[in-house]
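Please read the structure below before turning to the comments.
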Amino acid sequence: MQTVFSAVLPDMPTAAVIWLVLLAVAATVVAALIVRPSRFRSELVDRISDAARPSSIEQAERARVQDRDRDRDRYADEVAVAASRAAATAERSRAEWLTAQEEAESAWQAYQAAEDDVRRLAAAAALPLPRTARTPAEYADRERWLHRAAMDAQWRNEITVRQLSDILGGNGWDPTRHPVEQELLLRRLVRDNLAARHRAAAQREQAAWQAAELAAAAAQSLRDEVFAALHPVAEPQAELSIVGFAGPETTRELPAGAAAVEVTRELPPVARGRAAVAA
């Protein structure tokens, strides 16, 4: 025991001093917490918030993503406005095409009616014409009939004013011919005019149809662009798959993607007859 005490007792003052120092430090910290607790609390909160706050790289990435989303939304809005205008243009072009189609159909029906009249009169002119007295009164009656028939045709907008003036002035027209022959010549002139009007109406209808097709395609393209802007497709990543079991070689296969579907807007076809008629 004397040996143990002789070994321990010399270190007791040193240990006592160390414990007193530790107690003094602890008492100082406790006193500081009691006197100014907000200072230590704020420092602790700042350290915790700094640890929880994202780093500068994360903030830059987040800002880049937000800027990209804003730019994409703004672009989608602009394209949506353009798509709505293109849709209105497509509807207007379609209405114009339908109007031109009706005009072409009306011109075709009028031409068919005029062709029927020409056939009927041609068959009647093939028969022997009735004999009439070749007197000045008969010639005057034939001239009056021709002038009245020509003015009626011009009033129905079947011949032009220039053609009417040629008939009234006798420019290429013989008023002394039989009324059957004169009517046949007049109806052929009307038929030729209606055929020319039908060709012009058909050309306008074809041009209106092409314009409607282009407008519909432009509107559909803009709608697809709006959808692509609002729903971006992620790029497919490559996947590795091992072929076989013994060989060390590997092949890279891409996942199967959805096939693109092309959407077309087709205007309803309208059947129109085109008959070749002998002049």
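Order determines the names: the first chain of the structure tokens is A, the second B, and so forth; residues in each chain are numbered 1 upward, and ligands are numbered 1 upward as they are shown.
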Using only C-alpha atoms, find each residue of region 186-233 of chain A with at least one atom at most 9 Å away from an atom of region 89-107 of chain A; report its shortest atom-to-atom pair and that distance in Å (one decimal), sort the rows by chain and rising residue number, and return the result as JSON lines.
```
{"residue": "A:Leu194", "atom": "CA", "partner": "A:Ala107", "partner_atom": "CA", "distance": 6.8}
{"residue": "A:Ala195", "atom": "CA", "partner": "A:Ala107", "partner_atom": "CA", "distance": 7.9}
{"residue": "A:Arg197", "atom": "CA", "partner": "A:Ala107", "partner_atom": "CA", "distance": 6.6}
{"residue": "A:His198", "atom": "CA", "partner": "A:Ala107", "partner_atom": "CA", "distance": 4.9}
{"residue": "A:Arg199", "atom": "CA", "partner": "A:Ala104", "partner_atom": "CA", "distance": 8.2}
{"residue": "A:Ala200", "atom": "CA", "partner": "A:Ala104", "partner_atom": "CA", "distance": 8.3}
{"residue": "A:Ala201", "atom": "CA", "partner": "A:Ala104", "partner_atom": "CA", "distance": 4.8}
{"residue": "A:Ala202", "atom": "CA", "partner": "A:Ala104", "partner_atom": "CA", "distance": 5.4}
{"residue": "A:Gln203", "atom": "CA", "partner": "A:Ala104", "partner_atom": "CA", "distance": 8.8}
{"residue": "A:Arg204", "atom": "CA", "partner": "A:Ala100", "partner_atom": "CA", "distance": 6.5}
{"residue": "A:Glu205", "atom": "CA", "partner": "A:Ala100", "partner_atom": "CA", "distance": 4.8}
{"residue": "A:Gln206", "atom": "CA", "partner": "A:Trp97", "partner_atom": "CA", "distance": 8.1}
{"residue": "A:Ala207", "atom": "CA", "partner": "A:Trp97", "partner_atom": "CA", "distance": 8.2}
{"residue": "A:Ala208", "atom": "CA", "partner": "A:Trp97", "partner_atom": "CA", "distance": 4.7}
{"residue": "A:Trp209", "atom": "CA", "partner": "A:Trp97", "partner_atom": "CA", "distance": 5.4}
{"residue": "A:Gln210", "atom": "CA", "partner": "A:Trp97", "partner_atom": "CA", "distance": 8.8}
{"residue": "A:Ala211", "atom": "CA", "partner": "A:Ser93", "partner_atom": "CA", "distance": 6.5}
{"residue": "A:Ala212", "atom": "CA", "partner": "A:Ser93", "partner_atom": "CA", "distance": 4.8}
{"residue": "A:Glu213", "atom": "CA", "partner": "A:Ala90", "partner_atom": "CA", "distance": 8.0}
{"residue": "A:Leu214", "atom": "CA", "partner": "A:Ala90", "partner_atom": "CA", "distance": 8.1}
{"residue": "A:Ala215", "atom": "CA", "partner": "A:Ala90", "partner_atom": "CA", "distance": 4.7}
{"residue": "A:Ala216", "atom": "CA", "partner": "A:Ala90", "partner_atom": "CA", "distance": 5.2}
{"residue": "A:Ala217", "atom": "CA", "partner": "A:Ala90", "partner_atom": "CA", "distance": 8.6}
{"residue": "A:Ala218", "atom": "CA", "partner": "A:Ala90", "partner_atom": "CA", "distance": 8.4}
{"residue": "A:Ala219", "atom": "CA", "partner": "A:Ala90", "partner_atom": "CA", "distance": 7.1}
```
Taking 5 positions as the minimum chain separation for residues in the same chain, which residues sit within 7 Å of region 174-179 of chain A when counting only C-alpha atoms? Answer as a PDB file with N, CA and C atoms, in the first residue's frame.
```pdb
ATOM      1  N   TYR A 139     -87.426  39.119-143.996  1.00  0.00           N
ATOM      2  CA  TYR A 139     -86.055  39.391-143.543  1.00  0.00           C
ATOM      3  C   TYR A 139     -86.045  40.322-142.326  1.00  0.00           C
ATOM      4  N   ARG A 142     -86.926  38.207-139.333  1.00  0.00           N
ATOM      5  CA  ARG A 142     -85.792  37.386-138.915  1.00  0.00           C
ATOM      6  C   ARG A 142     -84.749  38.232-138.175  1.00  0.00           C
ATOM      7  N   GLU A 143     -84.492  39.435-138.644  1.00  0.00           N
ATOM      8  CA  GLU A 143     -83.521  40.304-137.983  1.00  0.00           C
ATOM      9  C   GLU A 143     -83.997  40.698-136.591  1.00  0.00           C
ATOM     10  N   LEU A 146     -83.544  37.765-134.239  1.00  0.00           N
ATOM     11  CA  LEU A 146     -82.150  37.572-133.868  1.00  0.00           C
ATOM     12  C   LEU A 146     -81.713  38.603-132.826  1.00  0.00           C
TER      13      LEU A 146
END
```
Inset, instruction - May I ask which of the residues A:Leu184, A:Glu158, A:Leu230, A:Thr14 is the closest one to Arg120 (chain A), counting only C-alpha atoms? - result: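 Of A:Leu184, A:Glu158, A:Leu230, A:Thr14, the one nearest Arg120 (chain A) is A:Leu184, counting only C-alpha atoms.
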Inset, instruction - Would you list the contacts of His231 (chain A) as a list of chain:residue names, taking every protein, DNA or RNA residue within 12 Å and counting only C-alpha atoms, but skipping same-chain residues closer than 6 positions in sequence? - result: A:Asp69, A:Arg72, A:Asp73, A:Ala76, A:Asp224, A:Glu225
Please dump the current selection as a short mmCIF file (atom, residue, chain, number, x, y, z; two decimals), in the first residue's frame; keep all heavy atoms.
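Result file selection09.cif:
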```
data_model
loop_
_atom_site.label_atom_id
_atom_site.label_comp_id
_atom_site.auth_asym_id
_atom_site.auth_seq_id
_atom_site.Cartn_x
_atom_site.Cartn_y
_atom_site.Cartn_z
N ASP A 69 -36.99 26.34 -68.79
CA ASP A 69 -38.43 26.13 -68.73
C ASP A 69 -39.19 27.40 -69.10
O ASP A 69 -40.20 27.35 -69.82
CB ASP A 69 -38.83 25.66 -67.33
CG ASP A 69 -38.29 24.28 -67.01
OD1 ASP A 69 -37.93 23.55 -67.96
OD2 ASP A 69 -38.22 23.94 -65.81
N ARG A 72 -38.93 27.87 -72.79
CA ARG A 72 -39.76 26.91 -73.49
C ARG A 72 -41.23 27.29 -73.41
O ARG A 72 -41.96 27.21 -74.41
CB ARG A 72 -39.56 25.52 -72.89
CG ARG A 72 -40.33 24.40 -73.58
CD ARG A 72 -40.07 23.10 -72.87
NE ARG A 72 -40.53 23.17 -71.49
CZ ARG A 72 -40.22 22.27 -70.56
NH1 ARG A 72 -39.42 21.26 -70.85
NH2 ARG A 72 -40.69 22.39 -69.33
N ASP A 73 -41.67 27.75 -72.24
CA ASP A 73 -43.07 28.17 -72.11
C ASP A 73 -43.37 29.40 -72.96
O ASP A 73 -44.43 29.48 -73.59
CB ASP A 73 -43.39 28.45 -70.63
CG ASP A 73 -43.31 27.20 -69.77
OD1 ASP A 73 -43.40 26.09 -70.34
OD2 ASP A 73 -43.15 27.33 -68.55
N ALA A 76 -43.56 28.28 -76.51
CA ALA A 76 -44.80 27.55 -76.75
C ALA A 76 -45.99 28.50 -76.87
O ALA A 76 -46.88 28.30 -77.70
CB ALA A 76 -45.03 26.54 -75.63
N ASP A 224 -48.29 20.68 -83.93
CA ASP A 224 -47.30 19.68 -83.54
C ASP A 224 -46.10 20.33 -82.85
O ASP A 224 -45.53 19.77 -81.90
CB ASP A 224 -46.83 18.91 -84.77
CG ASP A 224 -47.95 18.07 -85.38
OD1 ASP A 224 -48.94 17.81 -84.66
OD2 ASP A 224 -47.84 17.70 -86.57
N GLU A 225 -45.72 21.51 -83.32
CA GLU A 225 -44.59 22.21 -82.71
C GLU A 225 -44.93 22.66 -81.29
O GLU A 225 -44.08 22.60 -80.39
CB GLU A 225 -44.20 23.40 -83.57
CG GLU A 225 -42.87 24.03 -83.20
CD GLU A 225 -42.41 25.04 -84.21
OE1 GLU A 225 -43.07 25.16 -85.27
OE2 GLU A 225 -41.38 25.70 -83.96
#
```
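With distances restricted to only C-alpha atoms, A:Ala110 is the closest residue to Arg156 (chain A) from A:Gly169, A:Gln220, A:Ala110, A:Ala228.
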Inset, instruction - Name the residues of region 85-257 of chain A that fall into helix (DSSP H, G or I) according to DSSP on the backbone, using the chain letters and numbers of this document, as JSON, numbers by chain. - result: {"A": [85, 86, 87, 88, 89, 90, 91, 92, 93, 94, 95, 96, 97, 98, 99, 100, 101, 102, 103, 104, 105, 106, 107, 108, 109, 110, 111, 112, 113, 114, 115, 116, 117, 118, 119, 120, 121, 122, 123, 124, 125, 136, 137, 138, 139, 140, 141, 142, 143, 144, 145, 146, 147, 148, 149, 150, 151, 152, 153, 154, 155, 161, 162, 163, 164, 165, 166, 167, 168, 169, 179, 180, 181, 182, 183, 184, 185, 186, 187, 188, 189, 190, 191, 192, 193, 194, 195, 196, 197, 198, 199, 200, 201, 202, 203, 204, 205, 206, 207, 208, 209, 210, 211, 212, 213, 214, 215, 216, 217, 218, 219, 220, 221, 222, 223, 224, 225, 226, 227, 228, 229, 230]}
Legend entry - Computed interatomic separation between CA of Arg85 (chain A) and CA of Phe227 (chain A) (Å):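 Rounded to one decimal, the two atoms are 16.3 Å apart.
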